[in-house]
$ cat structure.txt   # compact mmCIF, C-alpha atoms
# COMPACT_ATOMS: atom_id res chain seq x y z
CA MET A 16 -1.03 -24.19 18.16
CA VAL A 17 -1.15 -20.79 19.85
CA GLN A 18 0.01 -19.17 16.62
CA PHE A 19 -2.41 -21.27 14.56
CA VAL A 20 -5.43 -20.14 16.56
CA GLY A 21 -4.29 -16.54 16.38
CA GLY A 22 -2.79 -16.10 19.83
CA GLY A 23 -4.91 -14.42 22.43
CA ASP A 24 -6.65 -16.16 25.27
CA SER A 25 -6.82 -19.90 24.58
CA ARG A 26 -9.60 -20.19 27.17
CA ALA A 27 -11.90 -18.44 24.69
CA TRP A 28 -11.79 -21.52 22.47
CA PRO A 29 -14.52 -24.12 22.96
CA GLY A 30 -11.95 -26.90 23.18
CA VAL A 31 -9.40 -28.74 21.11
CA ILE A 32 -10.40 -32.26 20.11
CA VAL A 33 -7.30 -34.46 20.25
CA ASP A 34 -6.69 -38.12 19.57
CA PRO A 35 -6.49 -39.85 22.97
CA SER A 36 -3.24 -41.56 21.93
CA ALA A 37 -1.51 -38.16 21.65
CA ALA A 38 -0.95 -37.88 25.40
CA SER A 39 2.14 -35.66 25.29
CA PHE A 40 0.40 -33.24 22.89
CA GLN A 41 -2.57 -33.10 25.25
CA VAL A 42 -0.30 -32.30 28.20
CA GLU A 43 1.40 -29.52 26.25
CA LEU A 44 -1.92 -28.00 25.21
CA ARG A 45 -3.21 -28.10 28.78
CA ASN A 46 0.01 -26.48 30.01
CA ARG A 47 -0.65 -23.65 27.55
CA GLY A 48 -4.19 -23.15 28.82
CA PHE A 49 -6.19 -25.04 26.22
CA TRP A 50 -9.24 -27.10 27.11
CA VAL A 51 -8.54 -30.56 25.67
CA ILE A 52 -11.28 -32.98 24.68
CA ASP A 53 -10.50 -36.65 24.03
CA ALA A 54 -11.66 -37.51 20.53
CA ASN A 55 -13.94 -40.44 19.96
CA ASN A 56 -11.68 -42.08 17.39
CA SER A 57 -13.86 -45.06 16.53
CA VAL A 58 -12.97 -45.72 12.88
CA ASP A 59 -15.85 -47.78 11.47
CA ASP A 60 -18.66 -45.89 13.20
CA GLY A 61 -16.99 -42.58 12.43
CA ILE A 62 -16.65 -43.32 8.72
CA ARG A 63 -20.29 -44.38 8.58
CA ARG A 64 -21.38 -41.18 10.32
CA VAL A 65 -19.26 -38.93 8.08
CA SER A 66 -20.58 -40.73 5.01
CA ALA A 67 -24.17 -40.36 6.20
CA MET A 68 -23.74 -36.65 6.85
CA LEU A 69 -22.12 -36.07 3.45
CA ASN A 70 -24.83 -38.05 1.65
CA ARG A 71 -27.60 -36.15 3.43
CA LYS A 72 -25.85 -32.83 2.76
CA LYS A 73 -25.58 -32.15 6.49
CA LEU A 74 -21.82 -31.77 6.09
CA ARG A 75 -20.34 -29.63 3.36
CA ILE A 76 -16.73 -28.79 2.61
CA ASN A 77 -15.74 -25.41 1.20
CA ARG A 78 -13.79 -26.29 -1.96
CA GLN A 79 -12.14 -22.88 -2.24
CA GLY A 80 -11.34 -22.50 1.44
CA CYS A 81 -10.08 -26.04 1.99
CA PRO A 82 -8.78 -27.49 -1.30
CA ASN A 83 -6.35 -29.91 0.38
CA GLY A 84 -9.10 -31.25 2.61
CA VAL A 85 -11.24 -31.92 -0.45
CA LYS A 86 -8.32 -33.78 -2.10
CA GLU A 87 -7.75 -35.91 0.99
CA MET A 88 -11.44 -36.79 1.24
CA GLN A 89 -11.44 -37.82 -2.42
CA THR A 90 -8.34 -40.00 -2.09
CA TYR A 91 -9.38 -41.81 1.09
CA ALA A 92 -8.64 -45.46 0.34
CA TRP A 93 -9.00 -48.88 1.92
CA ALA A 94 -6.23 -51.38 2.65
CA ASP A 95 -7.40 -54.29 0.49
CA LYS A 96 -4.50 -56.60 1.38
CA ARG A 97 -4.99 -55.98 5.10
CA ALA A 98 -8.69 -56.81 4.72
CA GLU A 99 -7.80 -60.10 3.03
CA LYS A 100 -5.46 -61.05 5.90
CA THR A 101 -7.51 -59.87 8.85
CA GLY A 102 -11.02 -60.00 7.46
CA LYS A 103 -11.56 -56.39 8.52
CA GLU A 104 -11.57 -53.36 6.26
CA GLN A 105 -9.35 -50.50 7.39
CA PRO A 106 -8.45 -47.22 5.72
CA LEU A 107 -4.90 -46.64 4.52
CA LYS A 108 -2.86 -44.36 6.76
CA SER A 109 -1.84 -42.03 3.94
CA HIS A 110 -3.09 -38.49 3.31
CA ASP A 111 -5.74 -38.98 5.98
CA HIS A 112 -5.26 -36.05 8.38
CA TYR A 113 -8.28 -34.09 7.17
CA PRO A 114 -10.65 -37.11 7.02
CA ASP A 115 -9.50 -38.14 10.50
CA ALA A 116 -10.11 -34.62 11.84
CA VAL A 117 -13.61 -34.56 10.33
CA ARG A 118 -14.32 -38.00 11.77
CA TYR A 119 -13.10 -36.94 15.23
CA ILE A 120 -15.32 -33.86 15.24
CA ILE A 121 -18.41 -35.72 14.07
CA GLN A 122 -17.90 -38.67 16.41
CA THR A 123 -17.13 -36.44 19.40
CA ARG A 124 -19.50 -33.51 18.96
CA ILE A 125 -22.35 -34.35 16.59
CA GLY A 126 -25.29 -36.09 18.24
CA ASP A 127 -27.27 -38.91 16.72
CA TRP A 128 -30.26 -36.61 16.28
CA ARG A 129 -28.28 -34.75 13.57
CA LEU A 130 -28.15 -37.95 11.54
CA ALA A 131 -31.90 -38.51 11.65
CA GLU A 132 -33.63 -37.87 8.38
$ encode --input "structure.txt" --output "structure tokens"
Amino acid sequence: MVQFVGGGDSRAWPGVIVDPSAASFQVELRNRGFWVIDANNSVDDGIRRVSAMLNRKKLRINRQGCPNGVKEMQTYAWADKRAEKTGKEQPLKSHDHYPDAVRYIIQTRIGDWRLAE
């Protein structure tokens, strides 16, 4: 992570949003001087918020700068069989790192006022 953010003083970063279930990763980041923020990882609300921001053009993805992220957003899929069994729609856990990261950021840092029309 230190190499990824370009070294230097990790305290200069505004924080690293991390899935709350990644406890050991959070401990390691804190030990290296990073400010760790627990992500709001609510799936259904997060997907709705990301979708709303994309539809209202309040969230844009740079196609040239992030081609793999664009691919992952386009291939985000739902587990149809799981929905039939449980009665609840859930996304497939495949090629979902970028969509999850976007969802974490929006759920954790973007206020409801940004979604108002």
$ atom_distance --input "structure.txt" --atom1 "atom CA of A:Asp115" --atom2 "atom CA of A:Asn55"
10.7 Å
$ atom_distance --input "structure.txt" --atom1 "atom CA of A:Tyr113" --atom2 "atom CA of A:Ile76"
11.0 Å
$ closest_residue --input "structure.txt" --among "A:Leu74, A:Met88, A:Ala67, A:Ala54" --to "A:Asp111" --atoms "all atoms listed in the file"
A:Met88
$ axis_aligned_box --input "structure.txt" --around "stretch 70-75 of chain A" --padding-each-side "5 Å" --output "JSON"
{"center_x": -24.0, "center_y": -33.8, "center_z": 4.1, "size_x": 17.3, "size_y": 18.4, "size_z": 14.8}
$ atom_distance --input "structure.txt" --atom1 "atom CA of A:Gln79" --atom2 "atom CA of A:Tyr91"
19.4 Å
